[in-house]
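Visitor: Take a look at this one; I'll ask things after.
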Amino acid sequence: SASSTTNSLASIAKVVHDKFGIEDAFMSSIRAVDITDIKPVANNIIPTYTEAAEVIGMIIPSRVGLEFRIPVVNASCIDLVVKLKSTTTYKAITTAMKEAEEGPLKGILSIPDNVLASTNLLERTESAIFHLGFQFTVSDRSFKLVAYYANEWAYLKRVCDLLAYVVKKDAER
């Protein structure tokens, strides 16, 4: 189940799981409505289910994910609550995210210096835009992490990345 929500969740969860180990997780996505929504969307919040947490759950422990469709244009966010296998700090998680942003997830994960509103995301191509102002320590092993993403644009960019990779590998044969 490839999706923009799965890509965003995977980007954040990978960094945290690789560095600290995730014992348990629960996610919600607050997502822009799209053409597949069958209920009238103006002035409505539509609760639904997302397969993103289930897909990520194949790799890391996670519970069912909730999704809330809201009437905004093409921008969404992930609200991920994790219980880690070991103790750490919010600062250590932030450091790990910054290392990933500058290293293996360059262009996929971003940590902006400015506060974003959903309309700032319309042309962003990163799968996860980790917002430092909205991360919270619940305990020394539990953290709430928030990341924005542009639904279709960021997903399309990942599809293009995949196609470029396939072409490169095919040329190497």
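Numbering starts fresh at 1 for the residues of each chain in the structure tokens, the chains themselves are lettered A, B, ... in the order given, and ligands are numbered from 1 as they appear.
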Using only C-alpha atoms, determine which residues lie at most 9 Å from Met97 (chain A), disregarding the query and same-chain residues fewer than 4 positions distant; provide the list as JSON, numbers by chain.
Guide: {"A": [12, 15, 16, 92, 93, 101, 102, 109, 110, 111, 130]}
Visitor: Generate the output file for the selected residues, N, CA, C and O atoms, as a PDB file, in the first residue's frame.
Guide:
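Final output, saved to out-v4.pdb:
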```pdb
ATOM      1  N   ILE A  12       9.914   9.115   9.072  1.00  0.00           N
ATOM      2  CA  ILE A  12      10.101   9.447  10.484  1.00  0.00           C
ATOM      3  C   ILE A  12      10.376   8.188  11.310  1.00  0.00           C
ATOM      4  O   ILE A  12      11.302   8.143  12.120  1.00  0.00           O
ATOM      5  N   VAL A  15      14.022   6.594  10.986  1.00  0.00           N
ATOM      6  CA  VAL A  15      15.074   7.280  11.744  1.00  0.00           C
ATOM      7  C   VAL A  15      15.006   6.887  13.216  1.00  0.00           C
ATOM      8  O   VAL A  15      16.013   6.503  13.825  1.00  0.00           O
ATOM      9  N   VAL A  16      13.820   6.962  13.786  1.00  0.00           N
ATOM     10  CA  VAL A  16      13.654   6.679  15.216  1.00  0.00           C
ATOM     11  C   VAL A  16      13.916   5.198  15.512  1.00  0.00           C
ATOM     12  O   VAL A  16      14.609   4.862  16.471  1.00  0.00           O
ATOM     13  N   ALA A  92      18.133  14.196  21.456  1.00  0.00           N
ATOM     14  CA  ALA A  92      18.775  13.104  20.726  1.00  0.00           C
ATOM     15  C   ALA A  92      17.964  12.714  19.490  1.00  0.00           C
ATOM     16  O   ALA A  92      18.531  12.405  18.430  1.00  0.00           O
ATOM     17  N   ILE A  93      16.644  12.723  19.614  1.00  0.00           N
ATOM     18  CA  ILE A  93      15.794  12.418  18.456  1.00  0.00           C
ATOM     19  C   ILE A  93      15.966  13.500  17.391  1.00  0.00           C
ATOM     20  O   ILE A  93      16.106  13.195  16.204  1.00  0.00           O
ATOM     21  N   GLU A 101      18.420  13.946   7.683  1.00  0.00           N
ATOM     22  CA  GLU A 101      18.089  14.988   6.702  1.00  0.00           C
ATOM     23  C   GLU A 101      19.300  15.331   5.846  1.00  0.00           C
ATOM     24  O   GLU A 101      19.177  15.557   4.637  1.00  0.00           O
ATOM     25  N   GLU A 102      20.474  15.360   6.455  1.00  0.00           N
ATOM     26  CA  GLU A 102      21.691  15.716   5.736  1.00  0.00           C
ATOM     27  C   GLU A 102      22.375  14.508   5.105  1.00  0.00           C
ATOM     28  O   GLU A 102      23.283  14.660   4.302  1.00  0.00           O
ATOM     29  N   LEU A 109      13.477  13.758   3.820  1.00  0.00           N
ATOM     30  CA  LEU A 109      13.154  14.300   5.129  1.00  0.00           C
ATOM     31  C   LEU A 109      13.707  15.726   5.203  1.00  0.00           C
ATOM     32  O   LEU A 109      14.837  15.969   4.784  1.00  0.00           O
ATOM     33  N   SER A 110      12.907  16.631   5.725  1.00  0.00           N
ATOM     34  CA  SER A 110      13.328  18.023   5.839  1.00  0.00           C
ATOM     35  C   SER A 110      12.976  18.546   7.223  1.00  0.00           C
ATOM     36  O   SER A 110      11.966  18.149   7.804  1.00  0.00           O
ATOM     37  N   ILE A 111      13.841  19.429   7.744  1.00  0.00           N
ATOM     38  CA  ILE A 111      13.575  20.092   9.022  1.00  0.00           C
ATOM     39  C   ILE A 111      13.711  21.592   8.776  1.00  0.00           C
ATOM     40  O   ILE A 111      14.813  22.133   8.789  1.00  0.00           O
ATOM     41  N   PHE A 130       9.630  17.455   9.099  1.00  0.00           N
ATOM     42  CA  PHE A 130       9.636  17.298  10.552  1.00  0.00           C
ATOM     43  C   PHE A 130       9.600  18.674  11.202  1.00  0.00           C
ATOM     44  O   PHE A 130      10.500  19.477  10.996  1.00  0.00           O
TER      45      PHE A 130
END
```
Visitor: Fewer than 6 positions away in the same chain doesn't count, so skip those; otherwise give me all residues within 12 Å of Ala117 (chain A), counting only C-alpha atoms, as a PyMOL selection string.
Guide: chain A and resi 72-77+129+131+147-150
Visitor: Next, the residues of the selection above should be written as a PDB file, in the first residue's frame with all heavy atoms.
Guide:
```pdb
ATOM      1  N   VAL A  72      -8.882  20.947   3.359  1.00  0.00           N
ATOM      2  CA  VAL A  72      -7.775  21.835   2.995  1.00  0.00           C
ATOM      3  C   VAL A  72      -7.197  21.346   1.672  1.00  0.00           C
ATOM      4  O   VAL A  72      -7.485  20.233   1.233  1.00  0.00           O
ATOM      5  CB  VAL A  72      -6.652  21.887   4.069  1.00  0.00           C
ATOM      6  CG1 VAL A  72      -7.170  22.464   5.364  1.00  0.00           C
ATOM      7  CG2 VAL A  72      -6.036  20.524   4.286  1.00  0.00           C
ATOM      8  N   VAL A  73      -6.357  22.167   1.064  1.00  0.00           N
ATOM      9  CA  VAL A  73      -5.784  21.830  -0.235  1.00  0.00           C
ATOM     10  C   VAL A  73      -4.468  21.076  -0.066  1.00  0.00           C
ATOM     11  O   VAL A  73      -3.506  21.626   0.430  1.00  0.00           O
ATOM     12  CB  VAL A  73      -5.545  23.117  -1.059  1.00  0.00           C
ATOM     13  CG1 VAL A  73      -4.928  22.781  -2.407  1.00  0.00           C
ATOM     14  CG2 VAL A  73      -6.840  23.867  -1.237  1.00  0.00           C
ATOM     15  N   ASN A  74      -4.444  19.813  -0.424  1.00  0.00           N
ATOM     16  CA  ASN A  74      -3.239  19.019  -0.644  1.00  0.00           C
ATOM     17  C   ASN A  74      -2.097  19.149   0.363  1.00  0.00           C
ATOM     18  O   ASN A  74      -0.946  19.244  -0.014  1.00  0.00           O
ATOM     19  CB  ASN A  74      -2.703  19.319  -2.043  1.00  0.00           C
ATOM     20  CG  ASN A  74      -1.692  18.286  -2.482  1.00  0.00           C
ATOM     21  OD1 ASN A  74      -1.832  17.111  -2.175  1.00  0.00           O
ATOM     22  ND2 ASN A  74      -0.669  18.709  -3.180  1.00  0.00           N
ATOM     23  N   ALA A  75      -2.393  19.162   1.621  1.00  0.00           N
ATOM     24  CA  ALA A  75      -1.336  19.138   2.628  1.00  0.00           C
ATOM     25  C   ALA A  75      -1.860  18.386   3.845  1.00  0.00           C
ATOM     26  O   ALA A  75      -3.030  18.509   4.188  1.00  0.00           O
ATOM     27  CB  ALA A  75      -0.915  20.541   3.012  1.00  0.00           C
ATOM     28  N   SER A  76      -0.997  17.611   4.446  1.00  0.00           N
ATOM     29  CA  SER A  76      -1.426  16.756   5.540  1.00  0.00           C
ATOM     30  C   SER A  76      -0.338  16.685   6.596  1.00  0.00           C
ATOM     31  O   SER A  76       0.751  17.209   6.410  1.00  0.00           O
ATOM     32  CB  SER A  76      -1.712  15.350   5.004  1.00  0.00           C
ATOM     33  OG  SER A  76      -2.691  15.393   3.997  1.00  0.00           O
ATOM     34  N   CYS A  77      -0.624  15.990   7.697  1.00  0.00           N
ATOM     35  CA  CYS A  77       0.419  15.774   8.692  1.00  0.00           C
ATOM     36  C   CYS A  77       0.238  14.432   9.391  1.00  0.00           C
ATOM     37  O   CYS A  77      -0.857  13.880   9.434  1.00  0.00           O
ATOM     38  CB  CYS A  77       0.516  16.930   9.681  1.00  0.00           C
ATOM     39  SG  CYS A  77      -0.641  16.938  11.015  1.00  0.00           S
ATOM     40  N   ILE A 129       8.194  16.481   6.467  1.00  0.00           N
ATOM     41  CA  ILE A 129       8.745  17.762   6.895  1.00  0.00           C
ATOM     42  C   ILE A 129       8.564  17.814   8.408  1.00  0.00           C
ATOM     43  O   ILE A 129       7.482  18.073   8.916  1.00  0.00           O
ATOM     44  CB  ILE A 129       8.039  18.924   6.169  1.00  0.00           C
ATOM     45  CG1 ILE A 129       8.239  18.749   4.658  1.00  0.00           C
ATOM     46  CG2 ILE A 129       8.584  20.251   6.656  1.00  0.00           C
ATOM     47  CD1 ILE A 129       7.315  19.564   3.804  1.00  0.00           C
ATOM     48  N   HIS A 131       8.574  18.945  11.939  1.00  0.00           N
ATOM     49  CA  HIS A 131       8.385  20.275  12.525  1.00  0.00           C
ATOM     50  C   HIS A 131       8.874  20.268  13.974  1.00  0.00           C
ATOM     51  O   HIS A 131       8.261  19.683  14.847  1.00  0.00           O
ATOM     52  CB  HIS A 131       6.924  20.676  12.458  1.00  0.00           C
ATOM     53  CG  HIS A 131       6.712  22.139  12.629  1.00  0.00           C
ATOM     54  ND1 HIS A 131       7.235  22.858  13.673  1.00  0.00           N
ATOM     55  CD2 HIS A 131       6.056  23.032  11.860  1.00  0.00           C
ATOM     56  CE1 HIS A 131       6.898  24.118  13.560  1.00  0.00           C
ATOM     57  NE2 HIS A 131       6.184  24.253  12.461  1.00  0.00           N
ATOM     58  N   ALA A 147       5.002  15.415  11.637  1.00  0.00           N
ATOM     59  CA  ALA A 147       5.609  15.759  10.350  1.00  0.00           C
ATOM     60  C   ALA A 147       4.513  16.111   9.354  1.00  0.00           C
ATOM     61  O   ALA A 147       3.477  15.460   9.298  1.00  0.00           O
ATOM     62  CB  ALA A 147       6.439  14.598   9.817  1.00  0.00           C
ATOM     63  N   TYR A 148       4.745  17.160   8.580  1.00  0.00           N
ATOM     64  CA  TYR A 148       3.865  17.547   7.486  1.00  0.00           C
ATOM     65  C   TYR A 148       4.277  16.808   6.217  1.00  0.00           C
ATOM     66  O   TYR A 148       5.402  16.346   6.087  1.00  0.00           O
ATOM     67  CB  TYR A 148       4.014  19.043   7.186  1.00  0.00           C
ATOM     68  CG  TYR A 148       3.442  19.984   8.191  1.00  0.00           C
ATOM     69  CD1 TYR A 148       4.273  20.806   8.943  1.00  0.00           C
ATOM     70  CD2 TYR A 148       2.074  20.108   8.357  1.00  0.00           C
ATOM     71  CE1 TYR A 148       3.752  21.727   9.841  1.00  0.00           C
ATOM     72  CE2 TYR A 148       1.546  21.020   9.254  1.00  0.00           C
ATOM     73  CZ  TYR A 148       2.389  21.834   9.991  1.00  0.00           C
ATOM     74  OH  TYR A 148       1.886  22.734  10.865  1.00  0.00           O
ATOM     75  N   TYR A 149       3.373  16.774   5.245  1.00  0.00           N
ATOM     76  CA  TYR A 149       3.720  16.316   3.905  1.00  0.00           C
ATOM     77  C   TYR A 149       2.702  16.828   2.900  1.00  0.00           C
ATOM     78  O   TYR A 149       1.552  17.082   3.238  1.00  0.00           O
ATOM     79  CB  TYR A 149       3.838  14.789   3.824  1.00  0.00           C
ATOM     80  CG  TYR A 149       2.577  14.022   4.186  1.00  0.00           C
ATOM     81  CD1 TYR A 149       1.750  13.501   3.201  1.00  0.00           C
ATOM     82  CD2 TYR A 149       2.229  13.797   5.514  1.00  0.00           C
ATOM     83  CE1 TYR A 149       0.607  12.785   3.536  1.00  0.00           C
ATOM     84  CE2 TYR A 149       1.100  13.073   5.849  1.00  0.00           C
ATOM     85  CZ  TYR A 149       0.292  12.582   4.854  1.00  0.00           C
ATOM     86  OH  TYR A 149      -0.833  11.878   5.179  1.00  0.00           O
ATOM     87  N   ALA A 150       3.160  17.027   1.666  1.00  0.00           N
ATOM     88  CA  ALA A 150       2.270  17.395   0.561  1.00  0.00           C
ATOM     89  C   ALA A 150       1.825  16.096  -0.090  1.00  0.00           C
ATOM     90  O   ALA A 150       2.649  15.328  -0.569  1.00  0.00           O
ATOM     91  CB  ALA A 150       3.001  18.282  -0.433  1.00  0.00           C
TER      92      ALA A 150
END
```
Visitor: Using only C-alpha atoms for the distances, tell me which of A:Asp140, A:Leu105, A:Cys160, A:Ala32 is nearest to Thr119 (chain A).
Guide: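 So, comparing all the options, the nearest one is A:Ala32.
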Visitor: Could you tell me, as a ChimeraX atom specification, which residues of region 16-170 of chain A DSSP assigns to strand (DSSP E) when given the backbone?
Guide: /A:22-32,46-50,65-70,76-84,109-110,128-130,136-137,142-149
Visitor: Atoms to include: N, CA and C atoms. Write the selected residues as a compact mmCIF listing (two decimals), in the first residue's frame.
Guide:
```txt
# COMPACT_ATOMS: atom_id res chain seq x y z
N ILE A 22 11.91 1.07 18.17
CA ILE A 22 10.52 1.35 18.53
C ILE A 22 9.90 0.08 19.10
N GLU A 23 9.42 0.19 20.31
CA GLU A 23 8.73 -0.93 20.97
C GLU A 23 7.25 -0.95 20.57
N ASP A 24 6.65 0.22 20.45
CA ASP A 24 5.24 0.32 20.11
C ASP A 24 5.00 1.70 19.51
N ALA A 25 3.99 1.81 18.67
CA ALA A 25 3.69 3.10 18.05
C ALA A 25 2.21 3.18 17.70
N PHE A 26 1.72 4.39 17.66
CA PHE A 26 0.36 4.67 17.22
C PHE A 26 0.40 5.95 16.39
N MET A 27 -0.28 5.95 15.27
CA MET A 27 -0.25 7.14 14.42
C MET A 27 -1.64 7.59 14.04
N SER A 28 -1.73 8.89 13.85
CA SER A 28 -2.91 9.50 13.25
C SER A 28 -2.41 10.37 12.11
N SER A 29 -3.21 10.47 11.09
CA SER A 29 -2.89 11.37 10.00
C SER A 29 -4.04 12.35 9.86
N ILE A 30 -3.70 13.60 9.73
CA ILE A 30 -4.67 14.65 9.48
C ILE A 30 -4.43 15.01 8.02
N ARG A 31 -5.35 14.61 7.16
CA ARG A 31 -5.07 14.57 5.74
C ARG A 31 -6.06 15.40 4.93
N ALA A 32 -5.54 16.05 3.91
CA ALA A 32 -6.38 16.80 2.99
C ALA A 32 -7.32 15.84 2.27
N ILE A 46 -13.73 14.17 8.36
CA ILE A 46 -14.19 12.81 8.07
C ILE A 46 -13.22 11.82 8.70
N PRO A 47 -13.64 11.13 9.78
CA PRO A 47 -12.76 10.12 10.37
C PRO A 47 -12.77 8.86 9.50
N THR A 48 -11.62 8.26 9.35
CA THR A 48 -11.51 7.04 8.56
C THR A 48 -10.30 6.25 9.04
N TYR A 49 -9.97 5.20 8.35
CA TYR A 49 -8.87 4.30 8.68
C TYR A 49 -7.78 4.49 7.64
N THR A 50 -6.53 4.38 8.04
CA THR A 50 -5.43 4.40 7.08
C THR A 50 -4.63 3.11 7.20
N GLY A 65 -3.79 2.71 12.51
CA GLY A 65 -3.71 4.15 12.35
C GLY A 65 -5.06 4.75 12.02
N LEU A 66 -5.27 5.94 12.53
CA LEU A 66 -6.48 6.70 12.24
C LEU A 66 -6.16 7.78 11.23
N GLU A 67 -7.16 8.16 10.49
CA GLU A 67 -6.98 9.25 9.55
C GLU A 67 -8.19 10.16 9.65
N PHE A 68 -7.93 11.45 9.64
CA PHE A 68 -8.99 12.44 9.65
C PHE A 68 -8.85 13.27 8.38
N ARG A 69 -9.83 13.16 7.49
CA ARG A 69 -9.83 13.96 6.27
C ARG A 69 -10.42 15.32 6.59
N ILE A 70 -9.71 16.37 6.17
CA ILE A 70 -10.17 17.72 6.46
C ILE A 70 -10.19 18.56 5.17
N SER A 76 -1.00 17.61 4.45
CA SER A 76 -1.43 16.76 5.54
C SER A 76 -0.34 16.68 6.60
N CYS A 77 -0.62 15.99 7.70
CA CYS A 77 0.42 15.77 8.69
C CYS A 77 0.24 14.43 9.39
N ILE A 78 1.35 13.92 9.86
CA ILE A 78 1.42 12.67 10.61
C ILE A 78 1.62 13.03 12.07
N ASP A 79 0.88 12.39 12.94
CA ASP A 79 1.02 12.53 14.39
C ASP A 79 1.40 11.12 14.88
N LEU A 80 2.66 10.93 15.20
CA LEU A 80 3.18 9.62 15.58
C LEU A 80 3.59 9.63 17.04
N VAL A 81 3.04 8.70 17.80
CA VAL A 81 3.43 8.53 19.20
C VAL A 81 4.19 7.21 19.29
N VAL A 82 5.43 7.28 19.78
CA VAL A 82 6.27 6.09 19.86
C VAL A 82 6.67 5.81 21.31
N LYS A 83 6.76 4.53 21.62
CA LYS A 83 7.37 4.08 22.87
C LYS A 83 8.64 3.36 22.45
N LEU A 84 9.77 3.85 22.92
CA LEU A 84 11.06 3.33 22.49
C LEU A 84 11.53 2.19 23.37
N LEU A 109 13.48 13.76 3.82
CA LEU A 109 13.15 14.30 5.13
C LEU A 109 13.71 15.73 5.20
N SER A 110 12.91 16.63 5.72
CA SER A 110 13.33 18.02 5.84
C SER A 110 12.98 18.55 7.22
N ALA A 128 8.53 13.85 4.29
CA ALA A 128 8.25 14.22 5.67
C ALA A 128 8.96 15.52 6.00
N ILE A 129 8.19 16.48 6.47
CA ILE A 129 8.75 17.76 6.89
C ILE A 129 8.56 17.81 8.41
N PHE A 130 9.63 17.45 9.10
CA PHE A 130 9.64 17.30 10.55
C PHE A 130 9.60 18.67 11.20
N PHE A 136 6.99 16.43 21.23
CA PHE A 136 6.81 16.46 22.68
C PHE A 136 7.37 15.20 23.33
N THR A 137 7.96 15.38 24.51
CA THR A 137 8.41 14.27 25.32
C THR A 137 7.27 13.87 26.24
N SER A 142 8.89 7.64 25.69
CA SER A 142 7.72 7.91 24.83
C SER A 142 7.75 9.35 24.31
N PHE A 143 7.48 9.47 23.00
CA PHE A 143 7.56 10.77 22.35
C PHE A 143 6.44 10.92 21.33
N LYS A 144 6.00 12.15 21.18
CA LYS A 144 5.02 12.50 20.15
C LYS A 144 5.77 13.28 19.07
N LEU A 145 5.69 12.80 17.83
CA LEU A 145 6.43 13.38 16.72
C LEU A 145 5.44 13.79 15.63
N VAL A 146 5.65 14.96 15.04
CA VAL A 146 4.74 15.47 14.03
C VAL A 146 5.53 15.82 12.77
N ALA A 147 5.00 15.42 11.64
CA ALA A 147 5.61 15.76 10.35
C ALA A 147 4.51 16.11 9.35
N TYR A 148 4.75 17.16 8.58
CA TYR A 148 3.87 17.55 7.49
C TYR A 148 4.28 16.81 6.22
N TYR A 149 3.37 16.77 5.24
CA TYR A 149 3.72 16.32 3.91
C TYR A 149 2.70 16.83 2.90
```
Visitor: Kindly indicate which residue among A:Leu121, A:Leu132, A:Val166, A:Ala52 lies nearest to Lys98 (chain A), using only C-alpha atoms for the distances.
Guide: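 Among A:Leu121, A:Leu132, A:Val166, A:Ala52, it is A:Leu132 that comes nearest to Lys98 (chain A).
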Visitor: Pick out the closest residue to Tyr155 (chain A) from this set: A:Arg141, A:Lys168, A:Arg124, A:Ala13. Count only C-alpha atoms.
Guide: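 Ranking A:Arg141, A:Lys168, A:Arg124, A:Ala13 by distance to Tyr155 (chain A), first place goes to A:Arg124.
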Visitor: Write out as a PDB file with N, CA, C and O atoms, in the first residue's frame all residues of region 28-104 of chain A that DSSP puts in alpha helix (DSSP H) for this structure's backbone.
Guide:
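Produced file selection_7.pdb, reproduced below:
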```
ATOM      1  N   ALA A  52      -1.551   2.954   6.374  1.00  0.00           N
ATOM      2  CA  ALA A  52      -0.143   3.326   6.536  1.00  0.00           C
ATOM      3  C   ALA A  52       0.470   2.684   7.775  1.00  0.00           C
ATOM      4  O   ALA A  52       1.566   2.134   7.723  1.00  0.00           O
ATOM      5  N   ALA A  53      -0.222   2.744   8.922  1.00  0.00           N
ATOM      6  CA  ALA A  53       0.319   2.160  10.150  1.00  0.00           C
ATOM      7  C   ALA A  53       0.435   0.646  10.028  1.00  0.00           C
ATOM      8  O   ALA A  53       1.384   0.044  10.527  1.00  0.00           O
ATOM      9  N   GLU A  54      -0.518   0.036   9.343  1.00  0.00           N
ATOM     10  CA  GLU A  54      -0.482  -1.416   9.144  1.00  0.00           C
ATOM     11  C   GLU A  54       0.708  -1.815   8.284  1.00  0.00           C
ATOM     12  O   GLU A  54       1.407  -2.789   8.567  1.00  0.00           O
ATOM     13  N   VAL A  55       0.958  -1.051   7.234  1.00  0.00           N
ATOM     14  CA  VAL A  55       2.096  -1.331   6.351  1.00  0.00           C
ATOM     15  C   VAL A  55       3.409  -1.168   7.109  1.00  0.00           C
ATOM     16  O   VAL A  55       4.285  -2.034   7.059  1.00  0.00           O
ATOM     17  N   ILE A  56       3.555  -0.062   7.832  1.00  0.00           N
ATOM     18  CA  ILE A  56       4.762   0.170   8.619  1.00  0.00           C
ATOM     19  C   ILE A  56       4.879  -0.893   9.714  1.00  0.00           C
ATOM     20  O   ILE A  56       5.975  -1.290  10.095  1.00  0.00           O
ATOM     21  N   TYR A  90      14.463  14.189  23.733  1.00  0.00           N
ATOM     22  CA  TYR A  90      13.952  14.866  22.540  1.00  0.00           C
ATOM     23  C   TYR A  90      15.118  15.426  21.727  1.00  0.00           C
ATOM     24  O   TYR A  90      15.132  15.357  20.505  1.00  0.00           O
ATOM     25  N   LYS A  91      16.125  15.936  22.416  1.00  0.00           N
ATOM     26  CA  LYS A  91      17.305  16.486  21.732  1.00  0.00           C
ATOM     27  C   LYS A  91      18.014  15.406  20.907  1.00  0.00           C
ATOM     28  O   LYS A  91      18.438  15.656  19.784  1.00  0.00           O
ATOM     29  N   ALA A  92      18.133  14.196  21.456  1.00  0.00           N
ATOM     30  CA  ALA A  92      18.775  13.104  20.726  1.00  0.00           C
ATOM     31  C   ALA A  92      17.964  12.714  19.490  1.00  0.00           C
ATOM     32  O   ALA A  92      18.531  12.405  18.430  1.00  0.00           O
ATOM     33  N   ILE A  93      16.644  12.723  19.614  1.00  0.00           N
ATOM     34  CA  ILE A  93      15.794  12.418  18.456  1.00  0.00           C
ATOM     35  C   ILE A  93      15.966  13.500  17.391  1.00  0.00           C
ATOM     36  O   ILE A  93      16.106  13.195  16.204  1.00  0.00           O
ATOM     37  N   THR A  94      15.987  14.756  17.810  1.00  0.00           N
ATOM     38  CA  THR A  94      16.183  15.864  16.876  1.00  0.00           C
ATOM     39  C   THR A  94      17.522  15.731  16.168  1.00  0.00           C
ATOM     40  O   THR A  94      17.615  15.923  14.951  1.00  0.00           O
ATOM     41  N   THR A  95      18.568  15.384  16.902  1.00  0.00           N
ATOM     42  CA  THR A  95      19.892  15.190  16.307  1.00  0.00           C
ATOM     43  C   THR A  95      19.856  14.077  15.263  1.00  0.00           C
ATOM     44  O   THR A  95      20.414  14.215  14.171  1.00  0.00           O
ATOM     45  N   ALA A  96      19.199  12.968  15.585  1.00  0.00           N
ATOM     46  CA  ALA A  96      19.084  11.851  14.640  1.00  0.00           C
ATOM     47  C   ALA A  96      18.340  12.276  13.380  1.00  0.00           C
ATOM     48  O   ALA A  96      18.709  11.902  12.256  1.00  0.00           O
ATOM     49  N   MET A  97      17.285  13.062  13.540  1.00  0.00           N
ATOM     50  CA  MET A  97      16.523  13.546  12.386  1.00  0.00           C
ATOM     51  C   MET A  97      17.390  14.457  11.518  1.00  0.00           C
ATOM     52  O   MET A  97      17.384  14.351  10.284  1.00  0.00           O
ATOM     53  N   LYS A  98      18.154  15.349  12.146  1.00  0.00           N
ATOM     54  CA  LYS A  98      19.021  16.256  11.380  1.00  0.00           C
ATOM     55  C   LYS A  98      20.108  15.484  10.640  1.00  0.00           C
ATOM     56  O   LYS A  98      20.439  15.818   9.498  1.00  0.00           O
ATOM     57  N   GLU A  99      20.660  14.449  11.266  1.00  0.00           N
ATOM     58  CA  GLU A  99      21.667  13.609  10.598  1.00  0.00           C
ATOM     59  C   GLU A  99      21.061  12.903   9.380  1.00  0.00           C
ATOM     60  O   GLU A  99      21.687  12.818   8.324  1.00  0.00           O
ATOM     61  N   ALA A 100      19.838  12.409   9.527  1.00  0.00           N
ATOM     62  CA  ALA A 100      19.165  11.742   8.406  1.00  0.00           C
ATOM     63  C   ALA A 100      18.829  12.739   7.299  1.00  0.00           C
ATOM     64  O   ALA A 100      18.949  12.422   6.111  1.00  0.00           O
ATOM     65  N   GLU A 101      18.420  13.946   7.683  1.00  0.00           N
ATOM     66  CA  GLU A 101      18.089  14.988   6.702  1.00  0.00           C
ATOM     67  C   GLU A 101      19.300  15.331   5.846  1.00  0.00           C
ATOM     68  O   GLU A 101      19.177  15.557   4.637  1.00  0.00           O
ATOM     69  N   GLU A 102      20.474  15.360   6.455  1.00  0.00           N
ATOM     70  CA  GLU A 102      21.691  15.716   5.736  1.00  0.00           C
ATOM     71  C   GLU A 102      22.375  14.508   5.105  1.00  0.00           C
ATOM     72  O   GLU A 102      23.283  14.660   4.302  1.00  0.00           O
TER      73      GLU A 102
END
```
Visitor: Kindly give the distance, in Å, that separates CA of Gly133 (chain A) and CA of Val33 (chain A), rounded to a single decimal.
Guide: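 These two atoms are separated by 24.9 Å.
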Visitor: One decimal, Å: what's the distance from CA of Asn151 (chain A) over to CA of Ile60 (chain A), could you say?
Guide: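 Rounded to one decimal, the two atoms are 23.0 Å apart.
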Visitor: Mind checking which residues fall within 6 Å of Glu126 (chain A), counting only C-alpha atoms, ignoring those fewer than 3 positions away in the same chain, and posting them as a PyMOL selection string?
Guide: chain A and resi 107-109+154
Visitor: Using the selection just defined, write its residues with N, CA and C atoms as a CSV table (one decimal), in the first residue's frame.
Guide:
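Generated output (again_23.csv):
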```
chain,number,residue,atom,x,y,z
A,107,GLY,N,16.6,15.1,0.9
A,107,GLY,CA,15.5,15.3,-0.1
A,107,GLY,C,14.2,14.5,0.2
A,108,ILE,N,14.3,13.7,1.2
A,108,ILE,CA,13.1,12.9,1.6
A,108,ILE,C,12.6,13.4,2.9
A,109,LEU,N,13.5,13.8,3.8
A,109,LEU,CA,13.2,14.3,5.1
A,109,LEU,C,13.7,15.7,5.2
A,154,ALA,N,4.6,15.2,-3.2
A,154,ALA,CA,5.7,14.4,-2.6
A,154,ALA,C,5.6,13.0,-3.0
```
Visitor: If I take CA of Ser3 (chain A) and CA of Gln135 (chain A), how far is one from the other in Å, to one decimal?
Guide: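 CA of Ser3 (chain A) sits 23.4 Å away from CA of Gln135 (chain A).
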